[in-house]
file structure_37.json (JSON, C-alpha atoms and all ligand atoms)
[["chain", "number", "residue", "atom", "x", "y", "z"],
["A", 1, "MET", "CA", 96.99, 84.59, 113.58],
["A", 2, "LYS", "CA", 98.43, 84.88, 110.12],
["A", 3, "TYR", "CA", 97.09, 82.58, 107.45],
["A", 4, "CYS", "CA", 97.82, 82.19, 103.78],
["A", 5, "ARG", "CA", 96.77, 80.42, 100.60],
["A", 6, "TYR", "CA", 99.74, 79.04, 98.73],
["A", 7, "ASN", "CA", 101.05, 76.68, 96.05],
["A", 8, "ASP", "CA", 98.14, 74.59, 94.71],
["A", 9, "ASN", "CA", 95.47, 76.14, 96.95],
["A", 10, "ARG", "CA", 97.00, 74.94, 100.22],
["A", 11, "ILE", "CA", 95.96, 76.82, 103.35],
["A", 12, "GLY", "CA", 98.72, 77.61, 105.84],
["A", 13, "VAL", "CA", 99.23, 79.25, 109.20],
["A", 14, "VAL", "CA", 102.31, 81.46, 109.23],
["A", 15, "ARG", "CA", 104.43, 81.51, 112.39],
["A", 16, "ASP", "CA", 107.74, 83.35, 112.36],
["A", 17, "ASP", "CA", 109.35, 82.33, 109.06],
["A", 18, "LYS", "CA", 107.47, 79.05, 108.63],
["A", 19, "VAL", "CA", 104.25, 78.04, 106.89],
["A", 20, "HIS", "CA", 102.33, 75.21, 108.57],
["A", 21, "ASP", "CA", 99.91, 73.33, 106.32],
["A", 22, "VAL", "CA", 96.35, 73.39, 107.69],
["A", 23, "THR", "CA", 94.57, 72.67, 104.40],
["A", 24, "SER", "CA", 92.33, 70.02, 105.95],
["A", 25, "VAL", "CA", 90.46, 72.79, 107.74],
["A", 26, "VAL", "CA", 88.52, 73.44, 104.53],
["A", 27, "ASP", "CA", 86.79, 70.08, 105.07],
["A", 28, "ALA", "CA", 84.96, 71.80, 107.94],
["A", 29, "LEU", "CA", 83.46, 74.45, 105.67],
["A", 30, "PRO", "CA", 79.71, 74.13, 105.08],
["A", 31, "ALA", "CA", 78.79, 72.14, 101.96],
["A", 32, "HIS", "CA", 76.68, 74.07, 99.44],
["A", 33, "ARG", "CA", 74.80, 73.43, 96.22],
["A", 34, "TYR", "CA", 74.40, 75.94, 93.42],
["A", 35, "PRO", "CA", 73.80, 78.85, 93.68],
["A", 36, "PHE", "CA", 76.71, 79.19, 96.07],
["A", 37, "PRO", "CA", 76.64, 81.92, 98.68],
["A", 38, "ILE", "CA", 78.65, 84.96, 97.65],
["A", 39, "GLY", "CA", 81.75, 85.95, 99.55],
["A", 40, "ASP", "CA", 84.77, 84.08, 100.86],
["A", 41, "ALA", "CA", 83.77, 80.98, 102.83],
["A", 42, "LEU", "CA", 87.02, 80.71, 104.77],
["A", 43, "VAL", "CA", 86.95, 84.36, 105.86],
["A", 44, "ALA", "CA", 83.24, 84.04, 106.73],
["A", 45, "ASN", "CA", 83.94, 81.07, 109.00],
["A", 46, "LEU", "CA", 87.27, 82.22, 110.38],
["A", 47, "ASP", "CA", 86.03, 82.80, 113.94],
["A", 48, "SER", "CA", 84.75, 79.23, 114.31],
["A", 49, "LEU", "CA", 87.65, 77.57, 112.47],
["A", 50, "ARG", "CA", 90.48, 79.51, 114.01],
["A", 51, "GLY", "CA", 91.02, 77.17, 116.95],
["A", 52, "GLU", "CA", 91.21, 74.17, 114.64],
["A", 53, "MET", "CA", 93.65, 76.00, 112.36],
["A", 54, "GLU", "CA", 95.94, 76.68, 115.33],
["A", 55, "ARG", "CA", 95.73, 73.01, 116.43],
["A", 56, "LEU", "CA", 96.52, 71.77, 112.93],
["A", 57, "ALA", "CA", 99.44, 74.21, 112.76],
["A", 58, "ASP", "CA", 100.78, 72.88, 116.08],
["A", 59, "ALA", "CA", 100.86, 69.38, 114.59],
["A", 60, "ALA", "CA", 102.32, 70.27, 111.19],
["A", 61, "ASP", "CA", 106.01, 70.66, 110.44],
["A", 62, "GLY", "CA", 106.56, 74.07, 108.94],
["A", 63, "VAL", "CA", 108.29, 74.86, 105.67],
["A", 64, "PRO", "CA", 110.18, 78.12, 105.12],
["A", 65, "VAL", "CA", 108.12, 81.09, 103.98],
["A", 66, "SER", "CA", 110.70, 81.54, 101.22],
["A", 67, "SER", "CA", 109.90, 78.09, 99.78],
["A", 68, "VAL", "CA", 106.21, 78.61, 98.98],
["A", 69, "ALA", "CA", 104.30, 80.54, 96.31],
["A", 70, "PHE", "CA", 101.76, 82.84, 97.95],
["A", 71, "LEU", "CA", 98.33, 83.31, 96.37],
["A", 72, "SER", "CA", 95.84, 85.98, 97.45],
["A", 73, "PRO", "CA", 94.78, 85.05, 101.00],
["A", 74, "VAL", "CA", 91.22, 85.88, 99.94],
["A", 75, "ALA", "CA", 89.97, 83.65, 97.12],
["A", 76, "ASN", "CA", 86.43, 84.92, 96.60],
["A", 77, "PRO", "CA", 85.68, 88.55, 97.45],
["A", 78, "THR", "CA", 82.39, 89.97, 96.15],
["A", 79, "LYS", "CA", 84.19, 93.23, 95.41],
["A", 80, "VAL", "CA", 87.51, 95.01, 95.62],
["A", 81, "ILE", "CA", 86.90, 98.61, 96.68],
["A", 82, "GLY", "CA", 89.35, 101.41, 95.97],
["A", 83, "VAL", "CA", 89.77, 104.64, 97.92],
["A", 84, "PRO", "CA", 91.12, 107.50, 95.76],
["A", 85, "VAL", "CA", 93.47, 110.35, 96.76],
["A", 86, "ASN", "CA", 93.67, 109.36, 100.42],
["A", 87, "TYR", "CA", 97.11, 110.86, 101.08],
["A", 88, "GLN", "CA", 97.61, 114.59, 100.55],
["A", 89, "ALA", "CA", 101.10, 114.18, 99.11],
["A", 90, "HIS", "CA", 99.74, 111.77, 96.47],
["A", 91, "ALA", "CA", 96.84, 114.12, 95.71],
["A", 92, "ASP", "CA", 99.39, 116.88, 95.14],
["A", 93, "GLU", "CA", 101.56, 114.77, 92.84],
["A", 94, "ALA", "CA", 98.49, 113.62, 90.91],
["A", 95, "LYS", "CA", 97.31, 117.18, 90.35],
["A", 96, "ALA", "CA", 100.73, 118.07, 88.97],
["A", 97, "ASP", "CA", 100.77, 115.11, 86.54],
["A", 98, "ALA", "CA", 98.13, 115.06, 83.82],
["A", 99, "GLU", "CA", 98.81, 111.38, 83.20],
["A", 100, "VAL", "CA", 97.95, 110.50, 86.80],
["A", 101, "SER", "CA", 94.96, 112.76, 87.33],
["A", 102, "VAL", "CA", 92.32, 112.99, 84.64],
["A", 103, "ALA", "CA", 90.98, 116.57, 84.81],
["A", 104, "ALA", "CA", 87.35, 115.56, 85.08],
["A", 105, "ARG", "CA", 88.08, 113.51, 88.14],
["A", 106, "ARG", "CA", 89.81, 116.12, 90.24],
["A", 107, "GLY", "CA", 88.36, 116.86, 93.63],
["A", 108, "GLY", "CA", 88.66, 115.50, 97.12],
["A", 109, "ILE", "CA", 88.07, 111.97, 98.25],
["A", 110, "GLU", "CA", 84.38, 112.52, 99.09],
["A", 111, "GLU", "CA", 83.72, 114.18, 95.73],
["A", 112, "GLN", "CA", 85.48, 111.46, 93.75],
["A", 113, "GLY", "CA", 83.84, 108.64, 95.67],
["A", 114, "LEU", "CA", 84.94, 105.04, 96.00],
["A", 115, "PHE", "CA", 85.61, 102.91, 92.91],
["A", 116, "LEU", "CA", 85.56, 99.17, 92.22],
["A", 117, "LYS", "CA", 88.18, 96.90, 90.73],
["A", 118, "ALA", "CA", 87.05, 93.67, 89.05],
["A", 119, "ASN", "CA", 87.49, 90.58, 91.25],
["A", 120, "SER", "CA", 89.06, 88.82, 88.28],
["A", 121, "ALA", "CA", 92.07, 91.13, 88.60],
["A", 122, "LEU", "CA", 92.99, 89.67, 92.00],
["A", 123, "VAL", "CA", 96.20, 87.66, 92.38],
["A", 124, "GLY", "CA", 98.76, 86.86, 95.03],
["A", 125, "PRO", "CA", 102.37, 88.03, 94.96],
["A", 126, "SER", "CA", 103.75, 84.81, 93.46],
["A", 127, "GLU", "CA", 101.58, 85.26, 90.39],
["A", 128, "GLY", "CA", 103.09, 88.65, 89.65],
["A", 129, "VAL", "CA", 101.76, 91.51, 87.55],
["A", 130, "ALA", "CA", 101.48, 91.22, 83.76],
["A", 131, "VAL", "CA", 101.84, 94.59, 82.02],
["A", 132, "ARG", "CA", 99.03, 94.50, 79.49],
["A", 133, "PHE", "CA", 99.75, 97.53, 77.29],
["A", 134, "PRO", "CA", 103.51, 97.95, 76.93],
["A", 135, "ASP", "CA", 103.20, 101.35, 75.24],
["A", 136, "ARG", "CA", 101.21, 102.80, 78.11],
["A", 137, "ARG", "CA", 102.17, 103.61, 81.65],
["A", 138, "THR", "CA", 101.39, 100.97, 84.30],
["A", 139, "ASP", "CA", 101.93, 102.34, 87.83],
["A", 140, "HIS", "CA", 102.21, 100.72, 91.24],
["A", 141, "GLU", "CA", 100.13, 101.94, 94.19],
["A", 142, "ALA", "CA", 101.09, 100.43, 97.56],
["A", 143, "GLU", "CA", 98.14, 100.38, 99.95],
["A", 144, "LEU", "CA", 96.78, 98.89, 103.16],
["A", 145, "GLY", "CA", 94.30, 96.12, 102.32],
["A", 146, "ILE", "CA", 91.36, 95.82, 104.73],
["A", 147, "VAL", "CA", 89.57, 92.45, 104.57],
["A", 148, "ILE", "CA", 85.95, 92.48, 105.74],
["A", 149, "GLY", "CA", 85.05, 89.58, 108.04],
["A", 150, "LYS", "CA", 81.27, 89.72, 108.36],
["A", 151, "THR", "CA", 78.29, 91.18, 106.56],
["A", 152, "ALA", "CA", 78.31, 94.93, 107.01],
["A", 153, "CYS", "CA", 75.52, 97.33, 106.05],
["A", 154, "ASP", "CA", 75.18, 100.88, 107.40],
["A", 155, "VAL", "CA", 77.75, 100.28, 110.12],
["A", 156, "THR", "CA", 78.66, 103.13, 112.41],
["A", 157, "TYR", "CA", 82.06, 104.73, 112.63],
["A", 158, "ASP", "CA", 82.60, 103.47, 116.16],
["A", 159, "ASP", "CA", 81.68, 99.87, 115.30],
["A", 160, "ALA", "CA", 83.45, 99.73, 111.94],
["A", 161, "LEU", "CA", 86.58, 97.83, 112.97],
["A", 162, "ASP", "CA", 84.42, 95.07, 114.49],
["A", 163, "TYR", "CA", 83.66, 94.05, 110.88],
["A", 164, "VAL", "CA", 87.30, 93.56, 109.90],
["A", 165, "ALA", "CA", 88.71, 90.03, 109.61],
["A", 166, "GLY", "CA", 92.23, 91.27, 109.09],
["A", 167, "TYR", "CA", 94.71, 93.15, 106.96],
["A", 168, "ALA", "CA", 97.14, 92.40, 104.15],
["A", 169, "ILE", "CA", 99.48, 94.27, 101.86],
["A", 170, "ALA", "CA", 97.67, 95.49, 98.75],
["A", 171, "LEU", "CA", 98.77, 96.74, 95.36],
["A", 172, "ASP", "CA", 96.31, 98.80, 93.33],
["A", 173, "MET", "CA", 97.96, 98.59, 89.91],
["A", 174, "VAL", "CA", 96.68, 100.90, 87.19],
["A", 175, "VAL", "CA", 97.09, 101.72, 83.52],
["A", 176, "ARG", "CA", 97.19, 105.50, 83.23],
["A", 177, "GLY", "CA", 94.85, 106.99, 80.66],
["A", 178, "THR", "CA", 91.44, 108.50, 80.07],
["A", 179, "GLU", "CA", 89.16, 105.46, 80.29],
["A", 180, "ASP", "CA", 86.96, 104.97, 83.33],
["A", 181, "ARG", "CA", 89.10, 104.13, 86.35],
["A", 182, "SER", "CA", 87.26, 100.85, 86.95],
["A", 183, "MET", "CA", 88.44, 99.64, 83.54],
["A", 184, "ARG", "CA", 92.05, 100.74, 83.89],
["A", 185, "LYS", "CA", 92.37, 99.22, 87.37],
["A", 186, "SER", "CA", 90.70, 95.91, 86.50],
["A", 187, "VAL", "CA", 93.29, 94.50, 84.12],
["A", 188, "ASP", "CA", 94.11, 90.86, 85.00],
["A", 189, "THR", "CA", 96.71, 90.78, 87.82],
["A", 190, "TYR", "CA", 96.29, 94.52, 88.59],
["A", 191, "ALA", "CA", 95.03, 93.79, 92.12],
["A", 192, "VAL", "CA", 97.57, 92.06, 94.36],
["A", 193, "LEU", "CA", 96.93, 90.94, 97.94],
["A", 194, "GLY", "CA", 99.41, 89.18, 100.17],
["A", 195, "PRO", "CA", 101.50, 87.61, 101.35],
["A", 196, "TRP", "CA", 99.01, 86.45, 104.00],
["A", 197, "LEU", "CA", 96.10, 87.76, 106.06],
["A", 198, "THR", "CA", 97.00, 89.05, 109.53],
["A", 199, "THR", "CA", 93.94, 88.87, 111.77],
["A", 200, "ALA", "CA", 92.64, 92.13, 113.18],
["A", 201, "ASP", "CA", 93.48, 91.26, 116.80],
["A", 202, "GLU", "CA", 97.19, 91.48, 115.88],
["A", 203, "ILE", "CA", 96.82, 95.02, 114.50],
["A", 204, "PRO", "CA", 95.85, 97.32, 117.37],
["A", 205, "ASN", "CA", 95.78, 100.45, 115.20],
["A", 206, "PRO", "CA", 95.49, 100.09, 111.41],
["A", 207, "ASP", "CA", 95.68, 103.88, 111.17],
["A", 208, "SER", "CA", 99.33, 103.80, 112.19],
["A", 209, "MET", "CA", 101.31, 101.40, 110.04],
["A", 210, "ALA", "CA", 104.58, 102.19, 108.28],
["A", 211, "PHE", "CA", 105.04, 100.85, 104.76],
["A", 212, "GLU", "CA", 107.47, 100.98, 101.87],
["A", 213, "LEU", "CA", 107.60, 99.88, 98.24],
["A", 214, "THR", "CA", 110.85, 99.50, 96.32],
["A", 215, "VAL", "CA", 111.36, 98.71, 92.65],
["A", 216, "ASN", "CA", 114.56, 96.80, 91.89],
["A", 217, "GLY", "CA", 115.81, 97.83, 95.34],
["A", 218, "GLU", "CA", 115.13, 101.55, 94.91],
["A", 219, "THR", "CA", 112.63, 103.19, 97.27],
["A", 220, "ARG", "CA", 109.63, 104.61, 95.41],
["A", 221, "GLN", "CA", 106.91, 104.84, 98.06],
["A", 222, "LYS", "CA", 107.41, 105.22, 101.80],
["A", 223, "SER", "CA", 104.73, 106.43, 104.19],
["A", 224, "ASN", "CA", 102.47, 105.55, 107.11],
["A", 225, "THR", "CA", 98.72, 104.95, 107.25],
["A", 226, "GLU", "CA", 98.54, 107.67, 109.93],
["A", 227, "LEU", "CA", 98.73, 110.08, 106.98],
["A", 228, "MET", "CA", 95.50, 108.81, 105.43],
["A", 229, "ILE", "CA", 92.97, 111.61, 104.97],
["A", 230, "MET", "CA", 90.09, 109.15, 105.55],
["A", 231, "ASP", "CA", 90.81, 106.60, 108.26],
["A", 232, "CYS", "CA", 89.89, 102.92, 108.18],
["A", 233, "ARG", "CA", 86.71, 103.28, 110.28],
["A", 234, "ARG", "CA", 85.30, 105.99, 108.00],
["A", 235, "GLN", "CA", 86.18, 103.98, 104.87],
["A", 236, "ILE", "CA", 84.11, 101.06, 106.15],
["A", 237, "GLU", "CA", 81.29, 103.30, 107.38],
["A", 238, "TRP", "CA", 81.14, 105.14, 104.04],
["A", 239, "ALA", "CA", 81.40, 102.04, 101.86],
["A", 240, "SER", "CA", 78.72, 100.21, 103.85],
["A", 241, "SER", "CA", 76.37, 103.19, 103.50],
["A", 242, "PHE", "CA", 76.31, 102.56, 99.73],
["A", 243, "TYR", "CA", 76.48, 98.75, 99.51],
["A", 244, "THR", "CA", 76.57, 95.74, 101.77],
["A", 245, "LEU", "CA", 80.06, 94.47, 102.46],
["A", 246, "HIS", "CA", 80.44, 90.70, 102.52],
["A", 247, "PRO", "CA", 83.07, 88.43, 104.10],
["A", 248, "GLY", "CA", 86.22, 88.62, 102.02],
["A", 249, "ASP", "CA", 85.50, 92.01, 100.49],
["A", 250, "ILE", "CA", 88.69, 94.02, 100.21],
["A", 251, "ILE", "CA", 89.14, 97.75, 100.68],
["A", 252, "MET", "CA", 92.34, 99.11, 99.16],
["A", 253, "SER", "CA", 92.66, 102.22, 101.27],
["A", 254, "GLY", "CA", 94.58, 104.54, 98.98],
["A", 255, "THR", "CA", 98.19, 105.16, 98.10],
["A", 256, "CYS", "CA", 100.83, 107.63, 99.17],
["A", 257, "GLU", "CA", 103.11, 109.71, 96.99],
["A", 258, "GLY", "CA", 105.75, 108.12, 94.79],
["A", 259, "VAL", "CA", 103.62, 106.23, 92.27],
["A", 260, "SER", "CA", 105.71, 105.39, 89.23],
["A", 261, "ARG", "CA", 105.88, 103.23, 86.15],
["A", 262, "VAL", "CA", 106.94, 99.59, 86.20],
["A", 263, "LEU", "CA", 108.22, 97.56, 83.26],
["A", 264, "PRO", "CA", 108.52, 93.84, 82.50],
["A", 265, "GLY", "CA", 111.56, 92.48, 84.29],
["A", 266, "ASP", "CA", 111.16, 94.77, 87.32],
["A", 267, "THR", "CA", 110.56, 93.39, 90.80],
["A", 268, "MET", "CA", 108.54, 95.28, 93.38],
["A", 269, "HIS", "CA", 109.20, 94.63, 97.04],
["A", 270, "LEU", "CA", 106.66, 95.70, 99.64],
["A", 271, "GLU", "CA", 106.95, 95.84, 103.39],
["A", 272, "PHE", "CA", 104.20, 96.74, 105.82],
["A", 273, "ALA", "CA", 104.79, 96.90, 109.57],
["A", 274, "GLY", "CA", 102.91, 93.99, 111.12],
["A", 275, "LEU", "CA", 101.85, 92.47, 107.79],
["A", 276, "GLY", "CA", 105.12, 91.10, 106.45],
["A", 277, "GLU", "CA", 106.87, 91.63, 103.16],
["A", 278, "MET", "CA", 106.59, 90.30, 99.63],
["A", 279, "ASP", "CA", 108.21, 90.40, 96.21],
["A", 280, "VAL", "CA", 105.99, 90.94, 93.18],
["A", 281, "PRO", "CA", 107.60, 90.34, 89.78],
["A", 282, "ILE", "CA", 106.52, 92.25, 86.68],
["A", 283, "ARG", "CA", 106.26, 90.53, 83.29],
["A", 284, "ALA", "CA", 104.72, 91.25, 79.91],
["A", 285, "HIS", "CA", 101.19, 89.99, 79.20],
["A", 286, "GLY", "CA", 100.85, 87.17, 76.74],
["B", 301, "MN", "MN", 94.86, 103.34, 94.64]]

call {"tool": "encode", "arguments": {"input": "structure_37.json", "output": "structure tokens"}}
result
Amino acid sequence: MKYCRYNDNRIGVVRDDKVHDVTSVVDALPAHRYPFPIGDALVANLDSLRGEMERLADAADGVPVSSVAFLSPVANPTKVIGVPVNYQAHADEAKADAEVSVAARRGGIEEQGLFLKANSALVGPSEGVAVRFPDRRTDHEAELGIVIGKTACDVTYDDALDYVAGYAIALDMVVRGTEDRSMRKSVDTYAVLGPWLTTADEIPNPDSMAFELTVNGETRQKSNTELMIMDCRRQIEWASSFYTLHPGDIIMSGTCEGVSRVLPGDTMHLEFAGLGEMDVPIRAHG
């Protein structure tokens, strides 16, 4: 199944090129009083609600995918986790570019460790990216987004994919500079997820997915997740050995070579085999 959040917080099931409104499914979510449980309630309850979502989709007339504004399919992650230098060709280009690789942070993926992006940076493609500091370089990083489906702590490599709800296209946007990475990658709108969540059963091998990012129609990044240095299972195993992963948590699994600057007025287009495609407009902040 593919499901999305769109327009004014509608929930939809995506079939072919149509979005079928299944928003009433949220009425089945457990009611809570403060303090609310952390994590994304829809992702957490996806297994039990999925049948009802399919039934509601059967009964709803679809509208064209092109006619809706996609929000992040995950509304409430507890964290957005980033994997650094996970493609050798990107590691090589970063080493050669002082603006991309801060000297103190050089080293392999295990030495650098995972990083976190603020949840408040998360948007969907329709919201676009707002360049915050026009005099500095804001780069795109196209990545596979892994969405955790159930509480995961100290999971084993072999079991890791059992904890995945699904996958989506991710953009790990960044302001280049010397500040801590968590600050430069947490600017509002600098984490994009979309256009919808494709459930894990539809992706037999997340470690073999072709993807491409163009800016204004020109190819900038083109690769395949089979070239990741650290595969999806190990990312989940490693992350969950440091902190508990909760439903809706997002792992942005690293970018390939071809990162480059974007400017207000540009439009990024991303395609991921099995996950769809999306346009992400760039504007100035303010
Ligand atoms: Mn990245």

call {"tool": "closest_residue", "arguments": {"input": "structure_37.json", "among": "A:Arg10, A:Lys185, A:Arg136, A:Arg233", "to": "ligand MN 301 (chain B)", "atoms": "only C-alpha atoms and all ligand atoms"}}
result
A:Lys185

call {"tool": "closest_residue", "arguments": {"input": "structure_37.json", "among": "A:Gly258, A:Pro204, A:Gly248, A:Gly149", "to": "Asn119 of chain A", "atoms": "only C-alpha atoms"}}
result
A:Gly248

call {"tool": "closest_residue", "arguments": {"input": "structure_37.json", "among": "A:Gly254, A:Gly51, A:Gly124, A:Gly177", "to": "ligand MN 301 (chain B)", "atoms": "all atoms listed in the file"}}
result
A:Gly254

call {"tool": "residues_near_ligand", "arguments": {"input": "structure_37.json", "ligand": "ligand MN 301 (chain B)", "cutoff": "8 Å", "atoms": "only C-alpha atoms and all ligand atoms", "output": "ChimeraX atom specification"}}
result
/A:82-85,141-143,171-173,252-255

call {"tool": "closest_residue", "arguments": {"input": "structure_37.json", "among": "A:Pro247, A:Gly276, A:Pro73, A:Gly39", "to": "Asn7 of chain A", "atoms": "only C-alpha atoms"}}
result
A:Pro73

call {"tool": "build_atoms", "arguments": {"input": "structure_37.json", "residues": "segment 155-164 of chain A", "atoms": "all heavy atoms", "output": "PDB file, in the coordinates of the input"}}
result
ATOM      1  N   VAL A 155      77.080 100.374 108.819  1.00  0.00           N
ATOM      2  CA  VAL A 155      77.750 100.280 110.120  1.00  0.00           C
ATOM      3  C   VAL A 155      78.187 101.673 110.573  1.00  0.00           C
ATOM      4  O   VAL A 155      78.420 102.571 109.766  1.00  0.00           O
ATOM      5  CB  VAL A 155      78.969  99.322 110.091  1.00  0.00           C
ATOM      6  CG1 VAL A 155      78.566  97.956 109.573  1.00  0.00           C
ATOM      7  CG2 VAL A 155      80.102  99.884 109.260  1.00  0.00           C
ATOM      8  N   THR A 156      78.264 101.834 111.866  1.00  0.00           N
ATOM      9  CA  THR A 156      78.660 103.130 112.410  1.00  0.00           C
ATOM     10  C   THR A 156      80.181 103.241 112.453  1.00  0.00           C
ATOM     11  O   THR A 156      80.902 102.235 112.445  1.00  0.00           O
ATOM     12  CB  THR A 156      78.132 103.312 113.851  1.00  0.00           C
ATOM     13  OG1 THR A 156      78.773 102.343 114.695  1.00  0.00           O
ATOM     14  CG2 THR A 156      76.625 103.152 113.896  1.00  0.00           C
ATOM     15  N   TYR A 157      80.627 104.469 112.538  1.00  0.00           N
ATOM     16  CA  TYR A 157      82.060 104.730 112.630  1.00  0.00           C
ATOM     17  C   TYR A 157      82.670 103.980 113.809  1.00  0.00           C
ATOM     18  O   TYR A 157      83.695 103.308 113.673  1.00  0.00           O
ATOM     19  CB  TYR A 157      82.284 106.245 112.773  1.00  0.00           C
ATOM     20  CG  TYR A 157      83.732 106.653 112.889  1.00  0.00           C
ATOM     21  CD1 TYR A 157      84.487 106.910 111.750  1.00  0.00           C
ATOM     22  CD2 TYR A 157      84.344 106.769 114.136  1.00  0.00           C
ATOM     23  CE1 TYR A 157      85.824 107.278 111.848  1.00  0.00           C
ATOM     24  CE2 TYR A 157      85.677 107.137 114.247  1.00  0.00           C
ATOM     25  CZ  TYR A 157      86.411 107.396 113.102  1.00  0.00           C
ATOM     26  OH  TYR A 157      87.722 107.740 113.205  1.00  0.00           O
ATOM     27  N   ASP A 158      82.021 104.073 114.955  1.00  0.00           N
ATOM     28  CA  ASP A 158      82.600 103.470 116.160  1.00  0.00           C
ATOM     29  C   ASP A 158      82.663 101.948 116.095  1.00  0.00           C
ATOM     30  O   ASP A 158      83.549 101.336 116.686  1.00  0.00           O
ATOM     31  CB  ASP A 158      81.810 103.897 117.407  1.00  0.00           C
ATOM     32  CG  ASP A 158      82.060 105.358 117.760  1.00  0.00           C
ATOM     33  OD1 ASP A 158      83.095 105.916 117.318  1.00  0.00           O
ATOM     34  OD2 ASP A 158      81.225 105.946 118.472  1.00  0.00           O
ATOM     35  N   ASP A 159      81.714 101.338 115.367  1.00  0.00           N
ATOM     36  CA  ASP A 159      81.680  99.870 115.300  1.00  0.00           C
ATOM     37  C   ASP A 159      82.467  99.307 114.122  1.00  0.00           C
ATOM     38  O   ASP A 159      82.604  98.091 113.986  1.00  0.00           O
ATOM     39  CB  ASP A 159      80.222  99.383 115.150  1.00  0.00           C
ATOM     40  CG  ASP A 159      79.415  99.605 116.421  1.00  0.00           C
ATOM     41  OD1 ASP A 159      80.035  99.841 117.480  1.00  0.00           O
ATOM     42  OD2 ASP A 159      78.170  99.549 116.344  1.00  0.00           O
ATOM     43  N   ALA A 160      82.967 100.179 113.250  1.00  0.00           N
ATOM     44  CA  ALA A 160      83.450  99.730 111.940  1.00  0.00           C
ATOM     45  C   ALA A 160      84.534  98.650 112.023  1.00  0.00           C
ATOM     46  O   ALA A 160      84.514  97.677 111.263  1.00  0.00           O
ATOM     47  CB  ALA A 160      83.954 100.919 111.125  1.00  0.00           C
ATOM     48  N   LEU A 161      85.466  98.800 112.938  1.00  0.00           N
ATOM     49  CA  LEU A 161      86.580  97.830 112.970  1.00  0.00           C
ATOM     50  C   LEU A 161      86.132  96.455 113.461  1.00  0.00           C
ATOM     51  O   LEU A 161      86.853  95.469 113.273  1.00  0.00           O
ATOM     52  CB  LEU A 161      87.745  98.359 113.822  1.00  0.00           C
ATOM     53  CG  LEU A 161      88.468  99.604 113.279  1.00  0.00           C
ATOM     54  CD1 LEU A 161      89.713  99.902 114.104  1.00  0.00           C
ATOM     55  CD2 LEU A 161      88.835  99.460 111.803  1.00  0.00           C
ATOM     56  N   ASP A 162      84.939  96.377 114.079  1.00  0.00           N
ATOM     57  CA  ASP A 162      84.420  95.070 114.490  1.00  0.00           C
ATOM     58  C   ASP A 162      84.104  94.190 113.279  1.00  0.00           C
ATOM     59  O   ASP A 162      83.922  92.976 113.422  1.00  0.00           O
ATOM     60  CB  ASP A 162      83.125  95.232 115.308  1.00  0.00           C
ATOM     61  CG  ASP A 162      83.367  95.951 116.624  1.00  0.00           C
ATOM     62  OD1 ASP A 162      84.537  96.030 117.056  1.00  0.00           O
ATOM     63  OD2 ASP A 162      82.384  96.437 117.219  1.00  0.00           O
ATOM     64  N   TYR A 163      84.013  94.791 112.104  1.00  0.00           N
ATOM     65  CA  TYR A 163      83.660  94.050 110.880  1.00  0.00           C
ATOM     66  C   TYR A 163      84.883  93.625 110.077  1.00  0.00           C
ATOM     67  O   TYR A 163      84.748  93.090 108.983  1.00  0.00           O
ATOM     68  CB  TYR A 163      82.722  94.901 110.021  1.00  0.00           C
ATOM     69  CG  TYR A 163      81.366  95.084 110.660  1.00  0.00           C
ATOM     70  CD1 TYR A 163      81.157  96.060 111.640  1.00  0.00           C
ATOM     71  CD2 TYR A 163      80.307  94.236 110.348  1.00  0.00           C
ATOM     72  CE1 TYR A 163      79.935  96.205 112.276  1.00  0.00           C
ATOM     73  CE2 TYR A 163      79.073  94.368 110.967  1.00  0.00           C
ATOM     74  CZ  TYR A 163      78.897  95.353 111.934  1.00  0.00           C
ATOM     75  OH  TYR A 163      77.674  95.479 112.558  1.00  0.00           O
ATOM     76  N   VAL A 164      86.057  93.874 110.620  1.00  0.00           N
ATOM     77  CA  VAL A 164      87.300  93.560 109.900  1.00  0.00           C
ATOM     78  C   VAL A 164      87.817  92.188 110.312  1.00  0.00           C
ATOM     79  O   VAL A 164      87.975  91.908 111.502  1.00  0.00           O
ATOM     80  CB  VAL A 164      88.371  94.629 110.177  1.00  0.00           C
ATOM     81  CG1 VAL A 164      89.688  94.257 109.508  1.00  0.00           C
ATOM     82  CG2 VAL A 164      87.897  95.998 109.697  1.00  0.00           C
TER      83      VAL A 164
END
